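As provided, upload32.txt (compact mmCIF, C-alpha atoms and all ligand atoms) reads as follows.
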# COMPACT_ATOMS: atom_id res chain seq x y z
CA MET A 1 -11.43 12.50 -16.81
CA LYS A 2 -8.56 10.07 -16.14
CA ILE A 3 -7.41 9.04 -12.66
CA LEU A 4 -4.40 6.86 -12.01
CA VAL A 5 -4.51 4.53 -9.00
CA VAL A 6 -1.16 3.38 -7.67
CA ASN A 7 -0.42 0.67 -5.11
CA CYS A 8 3.27 0.44 -4.21
CA GLY A 9 4.71 -2.51 -2.33
CA SER A 10 8.34 -2.77 -1.26
CA SER A 11 9.39 -4.24 -4.61
CA SER A 12 6.23 -3.93 -6.67
CA LEU A 13 3.91 -1.40 -8.23
CA LYS A 14 0.34 -2.10 -9.30
CA TYR A 15 -1.65 0.46 -11.23
CA GLN A 16 -5.00 1.07 -12.87
CA LEU A 17 -5.96 4.00 -15.04
CA PHE A 18 -9.67 4.87 -14.76
CA ASP A 19 -11.83 6.94 -17.04
CA MET A 20 -14.18 8.41 -14.46
CA LYS A 21 -16.81 9.25 -17.07
CA ASP A 22 -18.03 5.65 -16.78
CA GLU A 23 -15.61 4.40 -14.08
CA LYS A 24 -14.04 2.09 -16.64
CA VAL A 25 -10.48 0.76 -16.35
CA VAL A 26 -8.67 1.83 -19.53
CA ALA A 27 -5.31 0.34 -18.62
CA LYS A 28 -3.87 -1.70 -15.80
CA GLY A 29 -0.81 -3.67 -14.91
CA GLN A 30 2.02 -4.24 -12.54
CA ILE A 31 5.76 -4.21 -12.23
CA GLU A 32 7.24 -6.73 -9.83
CA ARG A 33 10.76 -7.36 -8.53
CA ILE A 34 11.66 -3.66 -8.82
CA GLY A 35 15.45 -3.38 -8.63
CA ASP A 36 16.19 -6.96 -9.64
CA ASP A 37 15.22 -8.57 -12.98
CA SER A 38 11.95 -6.64 -13.00
CA LEU A 39 8.91 -7.97 -14.82
CA MET A 40 6.05 -5.92 -16.22
CA LYS A 41 2.53 -6.86 -17.21
CA HIS A 42 0.29 -4.32 -18.88
CA GLU A 43 -3.12 -4.49 -20.49
CA THR A 44 -5.65 -2.27 -22.18
CA ASP A 45 -8.85 -3.09 -24.07
CA SER A 46 -6.95 -3.63 -27.31
CA TYR A 47 -3.59 -4.79 -26.07
CA GLN A 48 -2.40 -7.47 -23.68
CA GLN A 49 1.22 -7.84 -22.82
CA ALA A 50 2.38 -10.98 -21.05
CA LYS A 51 5.07 -10.52 -18.41
CA VAL A 52 8.16 -8.98 -20.00
CA SER A 53 11.52 -8.01 -18.57
CA VAL A 54 12.00 -4.31 -17.94
CA ASN A 55 14.97 -2.38 -16.72
CA VAL A 56 13.73 -0.68 -13.57
CA SER A 57 16.01 0.02 -10.64
CA ASP A 58 13.63 1.90 -8.32
CA HIS A 59 10.03 3.10 -7.92
CA MET A 60 10.74 6.32 -9.80
CA GLU A 61 11.86 4.37 -12.87
CA ALA A 62 8.88 2.06 -12.41
CA ILE A 63 6.41 4.98 -12.55
CA GLN A 64 8.28 6.40 -15.54
CA THR A 65 8.00 3.02 -17.29
CA VAL A 66 4.26 2.95 -16.59
CA MET A 67 3.88 6.49 -17.97
CA ASP A 68 5.86 5.50 -21.11
CA GLU A 69 3.51 2.58 -21.62
CA LEU A 70 0.36 4.66 -21.03
CA THR A 71 1.52 7.35 -23.49
CA ASP A 72 3.12 5.04 -26.07
CA PRO A 73 2.37 6.53 -29.54
CA LYS A 74 1.11 3.19 -30.89
CA ARG A 75 -0.57 1.31 -28.07
CA GLY A 76 -0.93 4.04 -25.44
CA VAL A 77 -4.30 5.14 -24.05
CA ILE A 78 -3.47 8.79 -23.33
CA SER A 79 -1.48 11.33 -25.33
CA SER A 80 0.45 12.76 -22.39
CA ALA A 81 0.74 12.57 -18.61
CA ALA A 82 -1.19 15.85 -18.44
CA GLU A 83 -4.36 13.87 -19.22
CA ILE A 84 -4.11 12.28 -15.77
CA ARG A 85 -6.10 14.66 -13.59
CA ALA A 86 -5.14 13.12 -10.23
CA VAL A 87 -3.24 10.18 -8.77
CA GLY A 88 -4.69 8.10 -5.93
CA HIS A 89 -2.28 6.17 -3.73
CA ARG A 90 -3.19 3.19 -1.62
CA VAL A 91 -1.57 3.79 1.76
CA VAL A 92 -1.64 1.21 4.52
CA HIS A 93 -1.33 3.15 7.77
CA GLY A 94 -2.40 6.65 8.72
CA GLY A 95 -2.39 6.10 12.48
CA GLU A 96 -4.78 8.25 14.50
CA LYS A 97 -4.18 11.42 12.54
CA VAL A 98 -5.81 10.34 9.30
CA ALA A 99 -9.54 9.70 9.42
CA GLY A 100 -10.30 9.90 5.71
CA SER A 101 -8.72 10.21 2.30
CA VAL A 102 -6.50 13.28 2.05
CA SER A 103 -4.58 15.39 -0.47
CA ILE A 104 -0.91 14.68 -0.06
CA THR A 105 0.91 17.61 1.50
CA ASP A 106 4.22 17.85 3.35
CA GLU A 107 2.28 17.46 6.63
CA VAL A 108 0.63 14.28 5.38
CA LEU A 109 3.98 12.89 4.25
CA ALA A 110 5.34 13.64 7.73
CA ILE A 111 2.44 11.68 9.28
CA LEU A 112 3.19 8.76 6.97
CA GLU A 113 6.80 8.84 8.10
CA GLU A 114 5.65 8.81 11.74
CA CYS A 115 3.49 5.77 10.98
CA ILE A 116 6.39 3.72 9.60
CA GLU A 117 6.78 2.32 13.11
CA LEU A 118 3.25 0.98 12.91
CA ALA A 119 3.54 -0.44 9.37
CA PRO A 120 7.26 -1.02 8.79
CA LEU A 121 6.76 -3.19 5.71
CA HIS A 122 4.20 -1.08 3.88
CA ASN A 123 4.43 2.63 4.65
CA PRO A 124 8.01 3.12 3.35
CA ALA A 125 7.01 1.73 -0.06
CA ASN A 126 3.84 3.86 -0.11
CA ILE A 127 5.90 6.98 0.65
CA THR A 128 8.42 6.13 -2.08
CA GLY A 129 5.60 5.74 -4.62
CA ILE A 130 4.04 9.07 -3.65
CA LYS A 131 7.36 10.91 -3.89
CA ALA A 132 8.10 9.36 -7.29
CA CYS A 133 4.71 10.50 -8.65
CA GLN A 134 5.16 13.97 -7.18
CA LYS A 135 8.47 14.29 -8.98
CA LEU A 136 7.20 13.03 -12.32
CA MET A 137 3.86 14.85 -12.18
CA PRO A 138 4.49 17.91 -10.00
CA ASP A 139 1.30 19.69 -11.05
CA THR A 140 -1.04 16.73 -10.63
CA PRO A 141 -2.99 16.39 -7.35
CA GLN A 142 -1.92 13.35 -5.33
CA VAL A 143 -4.37 11.77 -2.89
CA GLY A 144 -3.74 9.18 -0.17
CA VAL A 145 -6.44 6.58 0.51
CA PHE A 146 -5.71 4.68 3.70
CA ASP A 147 -6.48 1.10 4.79
CA THR A 148 -6.89 2.31 8.37
CA ALA A 149 -8.86 5.55 7.85
CA PHE A 150 -12.36 4.08 7.60
CA HIS A 151 -12.01 2.59 11.09
CA GLN A 152 -11.12 5.87 12.78
CA THR A 153 -14.81 6.27 13.68
CA MET A 154 -14.53 3.45 16.24
CA HIS A 155 -15.36 4.41 19.81
CA LYS A 156 -12.64 4.14 22.45
CA LYS A 157 -14.43 1.16 23.97
CA ALA A 158 -13.88 -0.69 20.67
CA TYR A 159 -10.30 0.32 19.99
CA LEU A 160 -8.62 0.28 23.40
CA TYR A 161 -6.90 -2.84 24.64
CA ALA A 162 -7.10 -3.59 28.35
CA ILE A 163 -3.40 -3.18 29.01
CA PRO A 164 -1.85 -0.31 31.00
CA TYR A 165 -3.17 2.91 29.47
CA GLU A 166 0.31 4.38 29.27
CA TYR A 167 1.11 2.07 26.34
CA TYR A 168 -1.69 3.63 24.35
CA GLU A 169 -0.40 7.09 25.25
CA LYS A 170 3.29 6.38 24.78
CA TYR A 171 3.29 3.95 21.85
CA HIS A 172 -0.18 4.32 20.31
CA VAL A 173 -0.99 0.68 21.02
CA ARG A 174 -4.67 0.28 20.11
CA ARG A 175 -6.89 -1.36 17.51
CA TYR A 176 -6.57 0.33 14.12
CA GLY A 177 -8.12 -2.15 11.70
CA PHE A 178 -7.28 -2.60 8.02
CA HIS A 179 -9.00 -3.39 4.69
CA GLY A 180 -10.95 -0.15 5.27
CA THR A 181 -11.25 0.69 1.58
CA SER A 182 -12.83 -2.67 0.85
CA HIS A 183 -15.19 -2.61 3.83
CA LYS A 184 -16.32 0.90 2.91
CA PHE A 185 -16.85 0.00 -0.74
CA VAL A 186 -19.02 -3.05 -0.09
CA ALA A 187 -20.89 -1.43 2.83
CA GLN A 188 -21.84 1.52 0.61
CA ARG A 189 -23.06 -0.85 -2.07
CA ALA A 190 -25.02 -2.95 0.45
CA ALA A 191 -26.63 0.18 1.90
CA ARG A 192 -27.76 1.11 -1.59
CA LEU A 193 -29.13 -2.39 -2.24
CA LEU A 194 -30.98 -2.21 1.09
CA LYS A 195 -32.30 1.24 0.13
CA LYS A 196 -31.04 2.39 3.53
CA GLU A 197 -28.18 4.64 2.57
CA ASP A 198 -28.23 6.73 5.73
CA LYS A 199 -29.44 4.43 8.50
CA HIS A 200 -28.19 0.86 8.49
CA LYS A 201 -26.43 -1.91 10.39
CA ILE A 202 -24.20 -3.91 8.08
CA ILE A 203 -21.58 -6.57 8.79
CA THR A 204 -18.95 -6.81 6.06
CA CYS A 205 -16.84 -9.97 5.81
CA HIS A 206 -13.70 -9.42 3.73
CA LEU A 207 -12.47 -13.00 3.39
CA GLY A 208 -9.33 -13.38 1.28
CA ASN A 209 -5.76 -14.28 1.98
CA GLY A 210 -5.98 -11.58 4.62
CA SER A 211 -9.40 -11.47 6.26
CA SER A 212 -11.41 -9.21 8.52
CA VAL A 213 -14.98 -8.55 9.60
CA THR A 214 -16.33 -5.03 10.22
CA ALA A 215 -19.48 -3.69 11.84
CA VAL A 216 -20.74 -0.67 9.88
CA ARG A 217 -23.48 1.49 11.35
CA ASP A 218 -24.84 4.39 9.28
CA GLY A 219 -21.76 4.42 7.05
CA ASN A 220 -19.25 4.33 9.91
CA SER A 221 -17.03 1.52 11.13
CA VAL A 222 -17.94 0.79 14.75
CA ASP A 223 -15.71 -2.25 15.22
CA THR A 224 -13.40 -4.45 13.18
CA SER A 225 -11.59 -7.71 13.75
CA LEU A 226 -8.06 -6.71 12.73
CA GLY A 227 -6.21 -4.79 15.40
CA PHE A 228 -2.93 -3.05 16.14
CA GLY A 229 -1.19 -5.11 13.48
CA THR A 230 -2.53 -7.63 11.02
CA LEU A 231 -2.61 -10.75 13.19
CA ALA A 232 -5.90 -10.39 15.07
CA GLY A 233 -9.42 -11.58 14.38
CA LEU A 234 -10.02 -14.32 11.85
CA PRO A 235 -7.43 -16.97 11.06
CA MET A 236 -5.98 -15.97 7.68
CA GLY A 237 -3.95 -17.67 4.95
CA THR A 238 -0.83 -17.81 7.09
CA ARG A 239 -1.67 -15.49 10.04
CA CYS A 240 -2.99 -16.82 13.31
CA GLY A 241 -5.97 -14.57 14.06
CA ASP A 242 -7.25 -14.32 17.64
CA LEU A 243 -4.97 -16.05 20.09
CA ASP A 244 -4.60 -15.99 23.85
CA PRO A 245 -1.47 -13.83 24.31
CA ALA A 246 -0.34 -16.32 26.98
CA VAL A 247 0.52 -18.71 24.14
CA ILE A 248 3.32 -16.45 22.96
CA PRO A 249 5.68 -16.47 25.97
CA TYR A 250 4.80 -20.14 26.55
CA LEU A 251 5.86 -21.16 23.05
CA MET A 252 8.91 -18.91 23.12
CA ASP A 253 10.00 -20.69 26.28
CA LYS A 254 9.22 -24.22 25.09
CA GLU A 255 10.84 -23.85 21.68
CA ASP A 256 13.53 -21.36 22.69
CA LEU A 257 12.34 -18.84 20.11
CA THR A 258 13.47 -15.27 19.47
CA ILE A 259 10.99 -12.45 18.79
CA ASP A 260 11.71 -12.77 15.07
CA GLN A 261 11.11 -16.51 15.13
CA ILE A 262 7.79 -16.31 16.98
CA SER A 263 6.70 -13.45 14.70
CA ASN A 264 7.55 -15.55 11.70
CA ILE A 265 5.43 -18.41 13.05
CA LEU A 266 2.43 -16.18 13.80
CA TYR A 267 2.58 -14.21 10.51
CA LYS A 268 3.79 -16.81 8.04
CA LYS A 269 3.23 -20.32 9.35
CA SER A 270 -0.15 -20.16 11.09
CA GLY A 271 -3.74 -19.66 9.94
CA LEU A 272 -5.11 -22.01 7.30
CA LEU A 273 -1.59 -23.13 6.40
CA GLY A 274 -0.59 -23.93 9.96
CA LEU A 275 -3.80 -25.76 10.77
CA SER A 276 -4.10 -27.74 7.55
CA GLY A 277 -0.41 -28.35 6.88
CA VAL A 278 -1.45 -28.18 3.22
CA SER A 279 -1.46 -24.61 1.92
CA ASN A 280 -2.55 -21.06 2.67
CA ASP A 281 -4.87 -21.25 -0.33
CA LEU A 282 -8.41 -22.35 0.47
CA ARG A 283 -8.83 -24.11 -2.88
CA ASP A 284 -5.92 -26.46 -2.14
CA ILE A 285 -7.31 -27.15 1.32
CA GLN A 286 -10.77 -27.87 -0.09
CA ALA A 287 -9.23 -30.35 -2.53
CA GLU A 288 -7.40 -32.10 0.33
CA LYS A 289 -10.55 -32.17 2.42
CA LYS A 290 -12.34 -33.87 -0.46
CA ALA A 291 -9.56 -36.45 -0.54
CA GLY A 292 -10.24 -37.22 3.14
CA ASN A 293 -7.61 -35.08 4.88
CA LYS A 294 -9.03 -34.42 8.38
CA ARG A 295 -6.70 -31.53 9.18
CA ALA A 296 -7.79 -29.80 6.01
CA GLU A 297 -11.40 -30.31 7.07
CA VAL A 298 -10.88 -28.88 10.54
CA ALA A 299 -8.92 -25.87 9.18
CA ILE A 300 -11.97 -24.87 7.13
CA GLU A 301 -14.23 -25.43 10.14
CA VAL A 302 -12.07 -23.21 12.37
CA PHE A 303 -12.16 -20.45 9.75
CA ALA A 304 -15.93 -20.57 9.15
CA TYR A 305 -16.65 -20.80 12.89
CA ALA A 306 -14.53 -17.69 13.55
CA VAL A 307 -16.46 -15.70 10.93
CA GLN A 308 -19.75 -16.93 12.39
CA LYS A 309 -18.74 -15.81 15.88
CA TYR A 310 -17.78 -12.33 14.66
CA ILE A 311 -21.14 -11.96 12.94
CA GLY A 312 -22.87 -12.74 16.25
CA THR A 313 -20.57 -10.40 18.15
CA TYR A 314 -21.09 -7.49 15.79
CA ALA A 315 -24.84 -8.01 15.62
CA ALA A 316 -24.75 -7.61 19.41
CA ALA A 317 -22.43 -4.59 19.16
CA MET A 318 -24.89 -2.80 16.86
CA GLY A 319 -28.08 -4.10 18.48
CA GLY A 320 -29.09 -5.87 15.27
CA VAL A 321 -28.09 -6.27 11.67
CA ASP A 322 -29.76 -5.48 8.32
CA ALA A 323 -27.28 -7.26 6.06
CA VAL A 324 -24.20 -9.44 6.07
CA VAL A 325 -21.87 -8.99 3.09
CA PHE A 326 -19.33 -11.51 1.79
CA THR A 327 -16.45 -10.23 -0.30
CA ALA A 328 -12.84 -10.94 -1.49
CA GLY A 329 -11.51 -14.25 -2.84
CA ILE A 330 -13.12 -16.57 -0.31
CA GLY A 331 -16.20 -14.43 0.41
CA GLU A 332 -17.04 -14.05 -3.28
CA ASN A 333 -16.32 -17.61 -4.36
CA ALA A 334 -16.28 -20.20 -1.60
CA VAL A 335 -19.86 -21.50 -1.69
CA GLU A 336 -19.20 -24.18 0.92
CA VAL A 337 -17.64 -21.74 3.42
CA ARG A 338 -20.53 -19.27 3.08
CA LYS A 339 -22.91 -22.14 3.78
CA MET A 340 -20.98 -23.14 6.91
CA ILE A 341 -20.91 -19.55 8.16
CA CYS A 342 -24.63 -18.98 7.63
CA LYS A 343 -25.73 -22.34 9.01
CA ASP A 344 -26.60 -21.17 12.52
CA LEU A 345 -27.58 -17.58 11.87
CA GLY A 346 -31.34 -18.26 11.91
CA PHE A 347 -31.57 -16.84 15.44
CA LEU A 348 -30.66 -13.45 13.94
CA GLY A 349 -33.27 -13.86 11.22
CA ALA A 350 -30.67 -14.66 8.54
CA PHE A 351 -31.48 -17.55 6.22
CA LEU A 352 -29.34 -18.63 3.26
CA ASP A 353 -30.88 -19.57 -0.08
CA GLU A 354 -28.71 -22.57 -0.96
CA GLU A 355 -29.51 -22.34 -4.64
CA LYS A 356 -28.61 -18.66 -4.96
CA ASN A 357 -25.53 -19.37 -2.84
CA GLN A 358 -24.12 -21.41 -5.75
CA LEU A 359 -23.28 -18.15 -7.57
CA GLN A 360 -19.60 -17.25 -7.57
CA GLY A 361 -17.78 -13.99 -8.15
CA GLU A 362 -20.80 -11.83 -8.88
CA GLU A 363 -23.09 -9.55 -6.94
CA ALA A 364 -26.03 -11.46 -5.53
CA ASP A 365 -28.61 -11.50 -2.77
CA ILE A 366 -28.19 -15.05 -1.47
CA SER A 367 -30.82 -14.88 1.27
CA LEU A 368 -34.22 -16.57 1.30
CA GLU A 369 -37.30 -14.41 0.85
CA LYS A 370 -38.23 -14.91 4.53
CA SER A 371 -34.79 -13.77 5.71
CA LYS A 372 -35.05 -10.55 7.75
CA VAL A 373 -31.30 -10.10 7.40
CA LYS A 374 -30.09 -9.84 3.80
CA LEU A 375 -27.08 -11.95 2.86
CA PHE A 376 -25.17 -10.36 0.00
CA VAL A 377 -22.18 -11.31 -2.11
CA ILE A 378 -20.59 -8.07 -3.32
CA PRO A 379 -17.31 -8.23 -5.25
CA THR A 380 -14.91 -5.72 -3.75
CA ASN A 381 -13.11 -3.15 -5.87
CA GLU A 382 -10.55 -1.29 -3.82
CA GLU A 383 -9.01 0.41 -6.87
CA LEU A 384 -12.35 1.88 -7.93
CA MET A 385 -12.97 3.09 -4.38
CA ILE A 386 -9.54 4.76 -4.41
CA ALA A 387 -10.32 6.37 -7.79
CA ARG A 388 -13.66 7.69 -6.49
CA GLU A 389 -12.12 9.13 -3.34
CA THR A 390 -9.27 10.63 -5.38
CA LYS A 391 -11.74 12.33 -7.66
CA GLU A 392 -13.67 13.69 -4.70
CA ILE A 393 -10.69 14.83 -2.62
CA GLY A 394 -8.20 15.73 -5.34
CA LEU A 395 -10.60 17.47 -7.70
CA GLY A 396 -13.44 18.36 -5.37
CA THR A 397 -16.03 16.56 -7.46
CA GLN A 398 -18.38 13.75 -6.47
P1 LIG B 401 -5.73 -11.34 -1.22
O1 LIG B 401 -6.01 -11.09 0.23
O2 LIG B 401 -4.35 -11.85 -1.49
O3 LIG B 401 -6.19 -10.24 -2.16
P2 LIG B 401 -7.93 -12.82 -2.39
O4 LIG B 401 -8.99 -11.86 -2.02
O5 LIG B 401 -7.57 -12.95 -3.82
O6 LIG B 401 -6.62 -12.61 -1.53
O7 LIG B 401 -8.37 -14.26 -1.82
C1 LIG B 401 -7.55 -15.37 -1.92
C2 LIG B 401 -8.29 -16.56 -1.30
O8 LIG B 401 -9.52 -16.75 -2.01
C3 LIG B 401 -7.51 -17.85 -1.41
O9 LIG B 401 -7.60 -18.58 -0.18
C4 LIG B 401 -8.25 -18.59 -2.49
O10 LIG B 401 -8.18 -19.99 -2.33
C5 LIG B 401 -9.67 -18.13 -2.29
N1 LIG B 401 -10.47 -18.39 -3.49
C6 LIG B 401 -10.38 -17.77 -4.68
N2 LIG B 401 -11.25 -18.34 -5.57
C7 LIG B 401 -11.88 -19.34 -4.90
C8 LIG B 401 -12.87 -20.31 -5.25
N3 LIG B 401 -13.38 -20.36 -6.47
N4 LIG B 401 -13.27 -21.17 -4.29
C9 LIG B 401 -12.75 -21.13 -3.06
N5 LIG B 401 -11.82 -20.25 -2.67
C10 LIG B 401 -11.39 -19.37 -3.56
As structure tokens, how would this structure be written, given the file I've shared?
Amino acid sequence: MKILVVNCGSSSLKYQLFDMKDEKVVAKGQIERIGDDSLMKHETDSYQQAKVSVNVSDHMEAIQTVMDELTDPKRGVISSAAEIRAVGHRVVHGGEKVAGSVSITDEVLAILEECIELAPLHNPANITGIKACQKLMPDTPQVGVFDTAFHQTMHKKAYLYAIPYEYYEKYHVRRYGFHGTSHKFVAQRAARLLKKEDKHKIITCHLGNGSSVTAVRDGNSVDTSLGFGTLAGLPMGTRCGDLDPAVIPYLMDKEDLTIDQISNILYKKSGLLGLSGVSNDLRDIQAEKKAGNKRAEVAIEVFAYAVQKYIGTYAAAMGGVDAVVFTAGIGENAVEVRKMICKDLGFLGAFLDEEKNQLQGEEADISLEKSKVKLFVIPTNEELMIARETKEIGLGTQ
């Protein structure tokens, strides 16, 4: 049974075709710069195409190009589009009306339109991708898997901001949280490793270019560090993370900034990049630190300290913790950062095994035998999670 997973950005389309018999990826690739000198990359087990120019003016043509490639008589992996049993779409924002993955209907599309206000950069592209697939494969079930949905289980006390309540009622200003597909995927895996699939307290640290920490109790998100938008919580590659809101009007006044200019600073010039002055990429910052750059050193310290504080906070929120999970680019690979984060967690009963911590990019239990709290590295796989949910929702099979 084949399931196609599609992730549409404003000018890009990433895709993976899964064979759900063994959850194997049979083809994957991406088209970037849709509408302007587009480039496509495509690979299967037996065929690897470097980036080539393709003539693609919109998302509809992009999906058609992907289908042509997948069904190509020589190097294709399926004989026709009919072999694709369902299409799973990554969707960023479902607001308060979407609390799980859903079959795409006209009502769901209307909700996505409503949520454009909340995710102006992402939802329009997601909608375009869905509509293109509906047109090209009208008889194939389409499923939306949302970044925000997993966090809809949060209690009001976790998602409300202490500003006048009318802004929640009028404008839906509240914590939503993101990276839900990743947090859910690694939390499910950790629960299985713990052999506590029903009852558990797990803290998942998705540390990549965008980063967030989530508290997961018994399979449900109870709190998460990203908020209304994608600026809150941990400092990220270029985003500021938690910040006293008083800083914003103060800086706007001092530097005579417009809303667009301050937004640009907080979204694109802050985080690891802003602190280090080097790069948004942790590897570059680590190299600079090694060369003696003090700002690079402190940028890494600020990041690790923020993760450490969230682990403490969420352990308190859940009244304990069974496991802490590290995932995404930094979480899976940055040995030094994991060590810094875990350094003072002994009070929780969490002790890092420094030797096991040397492993990179693979699933591992990196805690010492005596550690009451397990420390896991679990590579995330958002596409596989989307494929699984699509199979379950679109075809009614688990
Ligand atoms: P995105 O949020 O864009 O998907 P990723 O999950 O790929 O990001 O994470 C990117 C981050 O992971 C970058 O800061 C990168 O430096 C970091 N990273 C990737 N590999 C390593 C590594 N081996 N050591 C340290 N950091 C790494």
In Å to one decimal, how far is CA of Thr390 (chain A) from CA of Val173 (chain A)?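 Taking CA of Val173 (chain A) as the start and CA of Thr390 (chain A) as the end point, the length is 29.4 Å.
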Quick one: what's the axis-aligned box for ligand LIG 401 (chain B), all listed atoms, 8 Å on every side, centre and edges in Å to one decimal, as AutoDock Vina command-line options?
--center_x -8.9 --center_y -15.7 --center_z -3.1 --size_x 25.0 --size_y 26.9 --size_z 22.7
Could you tell me, counting all atoms listed in the file, which protein and nucleic acid residues lie no more than 6 Å from ligand LIG 401 (chain B), written as a count of residues only? 11
Contact check, region 198-240 of chain A to region 150-163 of chain A, at most 7 Å, counting all atoms listed in the file, closest pairs as CSV:
residue,atom,partner,partner_atom,distance
A:Asn220,CA,A:Thr153,CA,6.1
A:Ser221,CA,A:His151,CA,5.1
A:Val222,CA,A:Met154,CA,4.6
A:Asp223,CA,A:Met154,CA,5.9
Keeping only C-alpha atoms, take the residues you just selected and write them out as a PDB file, in the coordinates of the input.
ATOM      1  CA  ASN A 220     -19.250   4.330   9.910  1.00  0.00           C
ATOM      2  CA  SER A 221     -17.030   1.520  11.130  1.00  0.00           C
ATOM      3  CA  VAL A 222     -17.940   0.790  14.750  1.00  0.00           C
ATOM      4  CA  ASP A 223     -15.710  -2.250  15.220  1.00  0.00           C
TER       5      ASP A 223
END
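Our summary of the geometry notes that CA of Glu117 (chain A) is positioned 18.3 Å from CA of Gly144 (chain A).
With all atoms listed in the file as the atoms that count, the residue of A:Val377, A:Ile259, A:Ala149, A:Ile130 with the shortest distance to Cys205 (chain A) is A:Val377.
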List the spatial neighbours of region 391-394 of chain A as a ChimeraX atom specification - criterion: any atom at most 8 Å away, only C-alpha atoms, same-chain residues fewer than 5 positions off excluded. /A:3,86,101-103,141-143
For Asn7 (chain A), which residue among A:Cys133, A:Val108, A:Ile116, A:Ala317 is the nearest when counting all atoms listed in the file? A:Cys133
Between CA of Gln360 (chain A) and CA of Glu288 (chain A) lies a distance of 20.8 Å
For Pro235 (chain A), which of A:Ile63, A:Ala215, A:Val337, A:Val302 is the closest residue, counting only C-alpha atoms?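 Closest to Pro235 (chain A), using only C-alpha atoms: A:Val302.
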Excluding Met60 (chain A) and residues on its chain fewer than 6 positions from it, collect all residues at most 10 Å away from it, counting all atoms listed in the file, and give them as a PDB file with C-alpha atoms, keeping the file's coordinate frame.
ATOM      1  CA  VAL A  66       4.260   2.950 -16.590  1.00  0.00           C
ATOM      2  CA  THR A 128       8.420   6.130  -2.080  1.00  0.00           C
ATOM      3  CA  GLY A 129       5.600   5.740  -4.620  1.00  0.00           C
ATOM      4  CA  ILE A 130       4.040   9.070  -3.650  1.00  0.00           C
ATOM      5  CA  LYS A 131       7.360  10.910  -3.890  1.00  0.00           C
ATOM      6  CA  ALA A 132       8.100   9.360  -7.290  1.00  0.00           C
ATOM      7  CA  CYS A 133       4.710  10.500  -8.650  1.00  0.00           C
ATOM      8  CA  GLN A 134       5.160  13.970  -7.180  1.00  0.00           C
ATOM      9  CA  LYS A 135       8.470  14.290  -8.980  1.00  0.00           C
ATOM     10  CA  LEU A 136       7.200  13.030 -12.320  1.00  0.00           C
TER      11      LEU A 136
END
Within 10 Å of Ser46 (chain A), counting only C-alpha atoms, which residues qualify if same-chain residues fewer than 6 places away don't, as a tab-separated table (two decimals) with C-alpha atoms, keeping the file's coordinate frame?
chain	number	residue	atom	x	y	z
A	26	VAL	CA	-8.67	1.83	-19.53
A	27	ALA	CA	-5.31	0.34	-18.62
A	75	ARG	CA	-0.57	1.31	-28.07
A	76	GLY	CA	-0.93	4.04	-25.44
A	77	VAL	CA	-4.30	5.14	-24.05
In terms of only C-alpha atoms, the residue from A:Phe18, A:Tyr310, A:Phe347, A:Tyr47 at minimal distance from Leu234 (chain A) is A:Tyr310
